[in-house]
Structure formats: structure tokens, C-alpha cells
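protein.cif follows (mmCIF, C-alpha atoms):
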```
data_data
loop_
_atom_site.label_atom_id
_atom_site.label_comp_id
_atom_site.auth_asym_id
_atom_site.auth_seq_id
_atom_site.Cartn_x
_atom_site.Cartn_y
_atom_site.Cartn_z
CA MET A 1 2.13 -18.48 -2.40
CA THR A 2 4.20 -15.65 -3.82
CA THR A 3 5.62 -13.20 -1.33
CA ILE A 4 5.38 -9.46 -1.83
CA LYS A 5 9.14 -9.22 -2.22
CA GLU A 6 9.09 -11.87 -4.98
CA LYS A 7 6.26 -10.00 -6.68
CA ILE A 8 8.26 -6.74 -6.58
CA THR A 9 11.32 -8.49 -8.02
CA ALA A 10 9.27 -10.05 -10.82
CA MET A 11 7.64 -6.72 -11.68
CA THR A 12 11.04 -5.00 -11.72
CA LYS A 13 12.49 -7.64 -14.04
CA GLU A 14 9.46 -7.29 -16.31
CA ALA A 15 9.89 -3.51 -16.46
CA LEU A 16 13.63 -3.85 -17.15
CA LEU A 17 12.93 -6.29 -19.99
CA ALA A 18 10.35 -3.93 -21.45
CA ASN A 19 12.87 -1.09 -21.17
CA LYS A 20 15.48 -3.18 -22.96
CA ALA A 21 12.97 -4.18 -25.63
CA ALA A 22 12.30 -0.49 -26.27
CA SER A 23 15.95 -0.17 -27.35
CA MET A 24 15.74 -2.88 -30.01
CA ASP A 25 17.56 -2.22 -33.28
CA GLY A 26 14.43 -1.39 -35.25
CA VAL A 27 13.38 1.32 -32.81
CA LYS A 28 16.74 2.50 -31.44
CA GLY A 29 17.31 6.25 -31.66
CA THR A 30 13.75 7.02 -32.74
CA PRO A 31 11.02 8.98 -30.99
CA LYS A 32 9.21 5.66 -30.56
CA GLU A 33 12.07 4.40 -28.33
CA LYS A 34 11.87 7.49 -26.17
CA GLU A 35 8.09 7.16 -25.92
CA LEU A 36 8.30 3.51 -24.88
CA LYS A 37 10.99 4.22 -22.28
CA GLU A 38 9.02 7.15 -20.85
CA ALA A 39 6.01 4.87 -20.42
CA ILE A 40 8.08 2.36 -18.43
CA LYS A 41 10.06 4.87 -16.35
CA PRO A 42 7.45 5.63 -13.61
CA LYS A 43 6.87 1.92 -12.96
CA LEU A 44 10.58 1.16 -12.80
CA THR A 45 11.30 4.17 -10.58
CA THR A 46 8.51 3.24 -8.17
CA LEU A 47 9.57 -0.40 -7.91
CA ARG A 48 13.20 0.58 -7.34
CA SER A 49 12.25 3.05 -4.62
CA ILE A 50 10.16 0.39 -2.88
CA GLU A 51 13.02 -2.11 -3.12
CA ALA A 52 15.36 0.52 -1.65
CA ALA A 53 12.94 1.29 1.20
CA ILE A 54 12.65 -2.42 2.04
CA HIS A 55 16.43 -2.83 1.85
CA ASN A 56 17.00 0.20 4.12
CA LYS A 57 14.51 -1.16 6.65
CA GLU A 58 16.31 -4.53 6.61
CA ILE A 59 19.62 -2.77 7.25
CA GLU A 60 18.03 -0.79 10.08
CA LYS A 61 16.56 -3.96 11.59
CA LYS A 62 19.65 -6.06 10.79
CA ALA A 63 17.39 -8.90 9.65
CA LYS A 64 15.04 -9.88 6.83
CA LEU A 65 11.61 -8.28 6.99
CA THR A 66 8.47 -10.31 7.51
CA GLU A 67 5.51 -9.95 5.14
CA ASP A 68 3.74 -7.73 7.70
CA GLU A 69 6.78 -5.46 7.93
CA ILE A 70 6.97 -5.23 4.14
CA VAL A 71 3.28 -4.30 4.09
CA GLY A 72 4.15 -1.56 6.61
CA VAL A 73 6.86 -0.23 4.28
CA LEU A 74 4.37 -0.24 1.39
CA LYS A 75 1.71 1.52 3.47
CA SER A 76 4.28 4.14 4.45
CA ALA A 77 5.22 4.68 0.80
CA GLN A 78 1.53 4.93 -0.05
CA LYS A 79 0.93 7.56 2.65
CA VAL A 80 3.85 9.67 1.41
CA ARG A 81 2.56 9.59 -2.15
CA LEU A 82 -1.01 10.37 -1.07
CA ALA A 83 0.26 13.42 0.82
CA GLU A 84 2.29 14.50 -2.23
CA LYS A 85 -0.77 14.02 -4.44
CA GLU A 86 -2.92 16.14 -2.13
CA ALA A 87 -0.31 18.92 -2.21
CA LEU A 88 -0.14 18.80 -6.01
CA VAL A 89 -3.93 18.84 -6.33
CA ASN A 90 -4.12 21.85 -3.99
CA ALA A 91 -1.49 23.58 -6.15
CA GLY A 92 -3.46 22.74 -9.30
CA ARG A 93 -0.69 20.59 -10.76
CA ASP A 94 -0.69 17.29 -12.66
CA THR A 95 -0.76 14.09 -10.55
CA GLU A 96 -0.46 11.53 -13.34
CA LYS A 97 2.94 10.18 -12.22
CA LEU A 98 1.78 9.86 -8.61
CA ASP A 99 -1.37 8.10 -9.76
CA VAL A 100 0.77 5.50 -11.55
CA GLN A 101 2.97 5.10 -8.47
CA LEU A 102 -0.05 4.69 -6.19
CA GLU A 103 -1.57 2.15 -8.56
CA ILE A 104 1.64 0.07 -8.44
CA ILE A 105 1.87 0.25 -4.65
CA GLU A 106 -1.81 -0.68 -4.24
CA SER A 107 -1.33 -3.68 -6.55
CA LEU A 108 1.39 -4.94 -4.19
CA LEU A 109 -0.65 -4.49 -1.00
CA PRO A 110 -2.87 -7.33 0.19
CA ALA A 111 -6.59 -6.93 -0.51
CA GLN A 112 -8.40 -4.81 2.07
CA MET A 113 -11.55 -5.94 3.83
CA SER A 114 -14.80 -4.32 2.72
CA TYR A 115 -16.69 -1.95 5.00
CA ASP A 116 -19.29 -4.63 5.81
CA GLU A 117 -16.59 -7.20 6.61
CA VAL A 118 -14.91 -4.76 8.99
CA VAL A 119 -18.23 -3.99 10.70
CA ALA A 120 -18.94 -7.72 11.14
CA LYS A 121 -15.46 -8.37 12.53
CA VAL A 122 -15.66 -5.39 14.91
CA LYS A 123 -19.05 -6.60 16.19
CA GLU A 124 -17.52 -10.02 16.78
CA ILE A 125 -14.56 -8.46 18.64
CA ILE A 126 -16.90 -6.38 20.82
CA ALA A 127 -19.08 -9.41 21.60
CA ASN A 128 -16.06 -11.50 22.63
CA ALA A 129 -14.19 -8.76 24.51
CA GLU A 130 -14.19 -8.48 28.27
CA VAL A 131 -13.90 -4.69 28.17
CA LYS A 132 -16.40 -2.44 26.50
CA ASP A 133 -14.51 0.84 26.25
CA ARG A 134 -12.00 2.64 24.02
CA LYS A 135 -9.43 -0.12 24.66
CA LEU A 136 -11.35 -2.06 22.04
CA ILE A 137 -9.89 0.23 19.36
CA GLY A 138 -6.42 -1.12 20.09
CA ILE A 139 -7.68 -4.71 20.20
CA ALA A 140 -9.52 -4.31 16.89
CA GLN A 141 -6.57 -2.53 15.25
CA LYS A 142 -4.21 -5.28 16.32
CA GLU A 143 -6.51 -8.01 15.01
CA LEU A 144 -7.29 -6.27 11.70
CA LYS A 145 -3.80 -4.84 11.06
CA GLY A 146 -2.98 -4.87 7.36
CA LYS A 147 -6.48 -6.07 6.49
CA ALA A 148 -8.30 -2.74 6.83
CA ASP A 149 -7.51 0.97 7.15
CA GLY A 150 -6.80 2.06 10.74
CA LYS A 151 -9.02 5.15 10.54
CA LEU A 152 -11.92 3.03 9.29
CA ILE A 153 -11.43 0.54 12.14
CA THR A 154 -11.40 3.35 14.72
CA GLN A 155 -14.53 4.92 13.22
CA ILE A 156 -16.45 1.63 13.20
CA VAL A 157 -15.37 0.68 16.75
CA ASN A 158 -16.52 4.09 18.02
CA GLU A 159 -19.86 3.77 16.19
CA GLU A 160 -20.43 0.25 17.51
CA LEU A 161 -19.43 1.23 21.05
CA ASN A 162 -21.89 4.14 20.93
CA LYS A 163 -24.65 1.76 19.82
CA TRP A 164 -23.67 -0.75 22.49
CA THR A 165 -23.61 1.84 25.32
CA GLN A 166 -27.04 3.16 24.25
CA LEU A 167 -28.47 -0.37 24.45
CA TYR A 168 -27.07 -1.09 27.91
#
```
In C-alpha cells, what does this structure look like?
Amino acid sequence: MTTIKEKITAMTKEALLANKAASMDGVKGTPKEKELKEAIKPKLTTLRSIEAAIHNKEIEKKAKLTEDEIVGVLKSAQKVRLAEKEALVNAGRDTEKLDVQLEIIESLLPAQMSYDEVVAKVKEIIANAEVKDRKLIGIAQKELKGKADGKLITQIVNEELNKWTQLY
């Protein structure tokens, strides 16, 4: 199984090779070279910033990051870019570069559970839990961390708890 860090490294090498290929003798110094390099630049910039964020976190921790911690770094990068995108949309500006960055980050993140899968898992957690109150949100979030969005988990737990309390 390929780790996220290995995937980032491979994607970076691929982008660097494509960048180098854009400077081949037949294309060097032409508008075509500039066009090719401009197409690669957002991907390369995004991958380098993610590598830097992971590296900084490793320095801060003074140890290698686990896959879950790397997913946390990616989620953090995703949140920052989503906030930037929202600000640009509100200002009526172009978000094309951020869209490319978000696409790259999302391709690195593990697949998220579907809404129905989260509902089924939350129902299972509620059925097996000894407590039937808001503490279940923390239990569900801990169990589904990295597999589903935290806001979605909270929403579903609250809905299921409301249904459960109405039944009993």
C-alpha cells in the first residue's frame, strides 16, 4: 500500500519531469514552453506547499508523522484553500488556481464515507453505546475520524439522538 507521503513525492517528481520536458530543445524559448510550464506550475506549487507543511509539522513534533497526522495536515490545507476560495467568490474574482489546488489535495485524501454509510455507522455506535446523550458526538467523531466530515458526523448524531429520544 502506498503511503500519502510516497504519493506526494511521486506526484512532485512527475510534475518536475513534465516541467523539464517543457524546456526541451524543440520548444525552448517559445510561447509553447511558457504555456506548458504555466499549466504545471499550480500543481507543483501545491505539492511543494504540502510537502513543506508536512515537513514543518515533523519538525514541530520532532518525529515522523503518521498517516492520520498527514491526513490532518492535508485537511488543514484544504480548509485554508476553501476559505480563500469563498473569499474570492464573494469578491467576484477567479478561483481557477484554488480549484486546481483543491483538486490535488482531495486526490491525496483518503476516500470519504457516503452519507448513508455514516448514518449506518452512527446508528451502530448509538446502539452499542452505554450513554445516549451528546457525548456520543465525541465517540462517533473519534471512531469516524478521517473517514467522514466532522460537521456531517455531528449533524447525523444529533438527528439520530433526536429520533432515539422521541422513541423512548
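Taking atom CA of A:Lys97 and atom CA of A:Pro42 as the two end points, the separation is 6.6 Å.
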Would you tabulate, counting only C-alpha atoms, all residues of stretch 63-111 of chain A that have an atom at most 12 Å from an atom of stretch 129-149 of chain A, showing the closest pair of atoms and their distance in Å to one decimal, sorted by chain then ascending number, as JSON lines?
```
{"residue": "A:Glu67", "atom": "CA", "partner": "A:Gly146", "partner_atom": "CA", "distance": 10.1}
{"residue": "A:Asp68", "atom": "CA", "partner": "A:Gly146", "partner_atom": "CA", "distance": 7.3}
{"residue": "A:Glu69", "atom": "CA", "partner": "A:Gly146", "partner_atom": "CA", "distance": 9.8}
{"residue": "A:Ile70", "atom": "CA", "partner": "A:Gly146", "partner_atom": "CA", "distance": 10.5}
{"residue": "A:Val71", "atom": "CA", "partner": "A:Gly146", "partner_atom": "CA", "distance": 7.1}
{"residue": "A:Gly72", "atom": "CA", "partner": "A:Gly146", "partner_atom": "CA", "distance": 7.9}
{"residue": "A:Val73", "atom": "CA", "partner": "A:Gly146", "partner_atom": "CA", "distance": 11.3}
{"residue": "A:Leu74", "atom": "CA", "partner": "A:Gly146", "partner_atom": "CA", "distance": 10.5}
{"residue": "A:Lys75", "atom": "CA", "partner": "A:Gly146", "partner_atom": "CA", "distance": 8.8}
{"residue": "A:Ser76", "atom": "CA", "partner": "A:Gly146", "partner_atom": "CA", "distance": 11.9}
{"residue": "A:Lys79", "atom": "CA", "partner": "A:Asp149", "partner_atom": "CA", "distance": 11.6}
{"residue": "A:Leu109", "atom": "CA", "partner": "A:Gly146", "partner_atom": "CA", "distance": 8.7}
{"residue": "A:Pro110", "atom": "CA", "partner": "A:Lys147", "partner_atom": "CA", "distance": 7.4}
{"residue": "A:Ala111", "atom": "CA", "partner": "A:Lys147", "partner_atom": "CA", "distance": 7.1}
```
Quiz item: Looking at A:Gln155, A:Asn19, A:Ser114, A:Thr45, which one is nearest to A:Gln101, with distances taken over only C-alpha atoms?
Solution: A:Thr45
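The nearest approach to A:Leu47 among the residues A:Ile153, A:Lys7, A:Val119, A:Asp99, with all atoms listed in the file taken into account, belongs to A:Lys7.
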Practice problem: Find the residues near A:Ala39: any atom within 12 Å, counting all atoms listed in the file, skip ones fewer than 4 places away on the same chain, and give them as a PyMOL selection string. | Solution: chain A and resi 15+18-19+22+32-35+43-45+96-97+100
Counting all atoms listed in the file, note down every residue that has an atom within 10 Å of the point (3.6, 6.6, -0.8) (file coordinates), as a compact mmCIF listing (two decimals) with C-alpha atoms, in the frame of the given file.
```
# COMPACT_ATOMS: atom_id res chain seq x y z
CA THR A 46 8.51 3.24 -8.17
CA ILE A 50 10.16 0.39 -2.88
CA VAL A 73 6.86 -0.23 4.28
CA LEU A 74 4.37 -0.24 1.39
CA LYS A 75 1.71 1.52 3.47
CA SER A 76 4.28 4.14 4.45
CA ALA A 77 5.22 4.68 0.80
CA GLN A 78 1.53 4.93 -0.05
CA LYS A 79 0.93 7.56 2.65
CA VAL A 80 3.85 9.67 1.41
CA ARG A 81 2.56 9.59 -2.15
CA LEU A 82 -1.01 10.37 -1.07
CA ALA A 83 0.26 13.42 0.82
CA GLU A 84 2.29 14.50 -2.23
CA LYS A 85 -0.77 14.02 -4.44
CA LEU A 98 1.78 9.86 -8.61
CA GLN A 101 2.97 5.10 -8.47
CA LEU A 102 -0.05 4.69 -6.19
CA ILE A 105 1.87 0.25 -4.65
CA GLU A 106 -1.81 -0.68 -4.24
```
Quiz item: Care to translate the PyMOL selection byres ((chain A and resi 65) around 12) into actual residues of this file, as a VMD selection string?
Solution: chain A and resid 3 to 5 51 53 to 64 66 to 73
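Using all atoms listed in the file, the smallest distance between any of A:Ile156, A:Val122, A:Ala10, A:Leu16 and A:Lys41 comes from A:Leu16.
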